[in-house]
Amino acid sequence: MKIKVGIPRALYFYEIFILWKAFFRALRVELIISDSTSETILREGTKYLSHEFCLPVRAFIGHVINLLEKKVDYVFVPRSISLEHKSYTCPKMMALPDIVKNVLRNERELKILSLNIDLNYNRLTLFRRYWWLGIKLTGNPIAALFAAVKLLSVKKKMDRDASQGRTRFQTFEKFGFNPFEFEHKHIGKKHLKVGVTGFSYILYDKYLSHDLLNNLGSMGVEVVTAEMLPLNLIEEELKELPKLMPWHLARRIYGAAIHFLKEKEYDGLINLSCAGCGPSSKVDKLIELRMKEKRSNPLLQLHLNSYVDEVTLAHKLKEFVDNLKLKNALSLPSNDSPLKISARRLRGDPR
Amino acid sequence: MEIKKKKLGGFRFGDYYIPFLYFLGKMGYEVIVPPEDERSLARGIQHSPNTICMPFRFFLGEYIEDLENGAELLFAFAGRGIRKGKRGGACRLDFYPEMHRQILQDLGYKFEMLPFRIGLTLWRKLREQNSFFESIKIIRVFLERFMLFEHIRDLSYRYRPYEKDRGAATKIYLDLLEKLKTQESLESLNNLRKEADRSYADMPKDLARTILRIPFIGEWGVQNIPFLNRRIDVLLGELGVEAGVTLKMSDFFFGSGSLLSRLVNLIIKRKDLRSEIIRRAKPYLGHYVGGMGQETIGYAVYLAQKGYDGAIHLMPATCMPEIIAKTALANIERDFNFPILYITLDENTKRDDLELKIREFVTSVRARKGKGQ
């Protein structure tokens, strides 16, 4: 009978699932992924974790419980310390297995599969750790060796794609992975091109983001996210920062946000942040400061918490998009507000 | 000809600024000490992101006060950078100086940051103003002043619950601090230490009282800055409780386990508990998570095992490592039958509410232990 390993559809699932898929497939275990985030899942998670924890982490616990209900043998909860050299993830990711064990210790039959993912160490260490995990799970060192090698080879392909200017989306498509429940291809007529930034595990989760990306698409907006930009572009923008932020996803958001604010090809930027998120509080402020400094495109800061409802969010979005459309139609230079229109312009005079 | 001294501002950090006054003065700066009051906090809040923790906002407010008083340089705790696995800046503290700098520059202030990190830059700056031997002596005196300040504070915590006249322990504390400000030699510091021990020994005490021992655990900023914790350390003393700080600034500076810090620990005769604490934290939190999450948990276990009566967990709102620690603390309470009071501090916390919570907690701990009043 095959061993069943459950992977929660949350947090770094949205970043490196293709690595885990390759690894566990090579080990011949049955991979079970939790259901899409839903009200039930979030509610279960919030039962165990206070509201001080950010939405994605609460959702994660809910996903773990969902997997337990599916009767998996193990739940895979890695300790993600760093996913990129010279960076950190965030304290909660670094404590994830401990958090799960502490809050769920009395509740269910919980068996956790874990390893330390820390790319501040070299690749050999990463290899060793996955290999050891494979041995612990299957008791077969040869199979584990091959599985770890397979994982590293997929990682190498990911990194090479990134350095060659491909976007993450393109890489994921190559591996047949579309966790992003949104159609990012150009469908329908698009009047506006807007950059959207936010943590990938919120932005691409339909429930947590209140389906932000699809909503924008249906309003006639072409959406570009940080994961749709080539890596070197983001790195360029980061050179502006005198001291580099240690959190690598926050860096990506900041670099992409600056790009979307600067470049004329974009009509605006929407930045989605979440209550309880430490790195967000920095990035949001830095984006704000940067906006004041130089000429930049319009910005909409959206802040998610447990009490924000879909209606308010949709309303804010619509308002912002309508303003952008108005601006476009009147061909105004970017920092003017639509109210400062001169009579001449209303007549249609382009000056 | 008098060389104009550069004005250096910084955050006060409770009364910890006193040992620093000496050291920074010897580096040739004129130090500006900000007042610790509601105004600094309000100004800091005005210009900080909403979801950032209170210590950040408070420090920003103090910086603004300094700059308004003419500071040209600002002193900041520099981070330890990104390291493999062990320690580093996953908590936001590491990035604070950069955030502070950007916000203050955006507000139009002109200044430079002086990062305070134990290392060569600091040594060189010291040497600009002093000879080699003088510099060594200055460092030695600074270390002694630093530890003496903590000793005086510990004494006040230890004896306050016994004081016969309310406010006596505090008065002795303040007098000693005033004297500390002017001591500049090892000999005079030694004398002051003896005087401190004597003053507290001579203070009229009621030894019949049963004292509870309930130290603080949690984020080190709110543990050490009485303004931020609304002076509940004094309140505890008045309720017959020996308060205490588990994460002192000496742990922050001299507790890293590096060769240099071990040398310093030998000189100042400080016992470094870090490895013992982390060992106790491992079953509940197996890895460094930033800030002092592991230390909080480790200390909770340590205090429970050493027979303390309880602990008070202090944290500023939104502090991530402490939010994580809380999930484990609930289990430690159960596993060790050890009572913990959880207090989250932000600018809206009222002293009255805190007082109520603490009184209730102390009463219930007394009842549990079967100790009378």
# chains A, B, ... in the order shown; residues from 1 in each chain; ligands from 1
$ interface_residues --of "chain A" --to "chain B" --cutoff "7 Å" --atoms "only C-alpha atoms" --output "list in words"
Glu52, Lys86, Ser87, Tyr88, Cys90, Pro91, Lys92, Met94, Ala95, Asp98, Ile99, Asn102, Val103, Asn120, Tyr121, Lys243, Met245, Gly276, Ser281 and Lys285 of chain A
$ select_by_dssp --residues "segment 78-233 of chain A" --states "strand (DSSP E)" --output "PyMOL selection string"
chain A and resi 79-82+112-113+116-118+192-197+221-225
$ select_by_dssp --residues "segment 110-295 of chain B" --states "helix (DSSP H, G or I)" --output "ChimeraX atom specification"
/B:120-129,132-162,168-180,186-202,220-224,232-238,249-254,259-268,274-281,293-295
$ closest_residue --among "A:Phe177, A:Gln164, A:Val57, A:Leu272" --to "Leu213 of chain A" --atoms "only C-alpha atoms"
A:Leu272
$ residues_around --residues "Lys190 of chain A" --least-positions-apart "6" --cutoff "7 Å" --atoms "only C-alpha atoms" --output "NGL selection string"
:A and (220-222)
$ residues_around --residues "Lys136 of chain A" --least-positions-apart "3" --cutoff "12 Å" --atoms "only C-alpha atoms" --output "number ranges by chain"
A: 27, 74, 112-115, 129-133, 139-141, 143-145
$ decode --residues "segment 76-122 of chain A" --atoms "C-alpha atoms" --output "CSV table (one decimal), in the first residue's frame"
chain,number,residue,atom,x,y,z
A,76,PHE,CA,4.4,17.7,4.8
A,77,VAL,CA,5.2,20.8,6.8
A,78,PRO,CA,8.7,22.1,5.9
A,79,ARG,CA,10.6,24.6,7.9
A,80,SER,CA,11.2,27.2,5.3
A,81,ILE,CA,14.0,29.4,6.6
A,82,SER,CA,15.3,30.7,3.3
A,83,LEU,CA,14.3,30.1,-0.3
A,84,GLU,CA,17.1,32.2,-1.8
A,85,HIS,CA,20.6,32.9,-0.9
A,86,LYS,CA,21.2,35.7,1.5
A,87,SER,CA,17.6,36.1,2.6
A,88,TYR,CA,15.0,35.0,5.1
A,89,THR,CA,11.4,34.0,4.7
A,90,CYS,CA,9.6,35.3,7.8
A,91,PRO,CA,9.5,34.1,11.5
A,92,LYS,CA,6.3,32.2,11.0
A,93,MET,CA,7.5,30.2,8.1
A,94,MET,CA,10.6,29.4,10.2
A,95,ALA,CA,8.5,28.1,13.0
A,96,LEU,CA,5.8,26.4,11.0
A,97,PRO,CA,6.3,22.8,12.1
A,98,ASP,CA,6.5,23.9,15.7
A,99,ILE,CA,3.4,26.0,15.4
A,100,VAL,CA,1.5,23.0,13.9
A,101,LYS,CA,2.8,20.7,16.6
A,102,ASN,CA,2.0,23.1,19.4
A,103,VAL,CA,-1.6,23.9,18.4
A,104,LEU,CA,-2.6,20.5,17.1
A,105,ARG,CA,-0.9,18.4,19.7
A,106,ASN,CA,-4.0,17.5,21.7
A,107,GLU,CA,-6.4,17.3,18.8
A,108,ARG,CA,-5.6,14.6,16.3
A,109,GLU,CA,-3.4,11.8,15.1
A,110,LEU,CA,-0.8,14.0,13.6
A,111,LYS,CA,2.3,12.9,11.9
A,112,ILE,CA,4.5,15.6,10.4
A,113,LEU,CA,7.1,15.2,7.7
A,114,SER,CA,9.6,18.0,7.8
A,115,LEU,CA,13.0,19.3,6.8
A,116,ASN,CA,14.9,22.6,7.0
A,117,ILE,CA,14.9,24.4,3.8
A,118,ASP,CA,17.7,26.9,4.1
A,119,LEU,CA,19.4,28.2,1.0
A,120,ASN,CA,21.8,30.3,2.9
A,121,TYR,CA,23.6,27.0,3.1
A,122,ASN,CA,25.0,25.5,-0.1
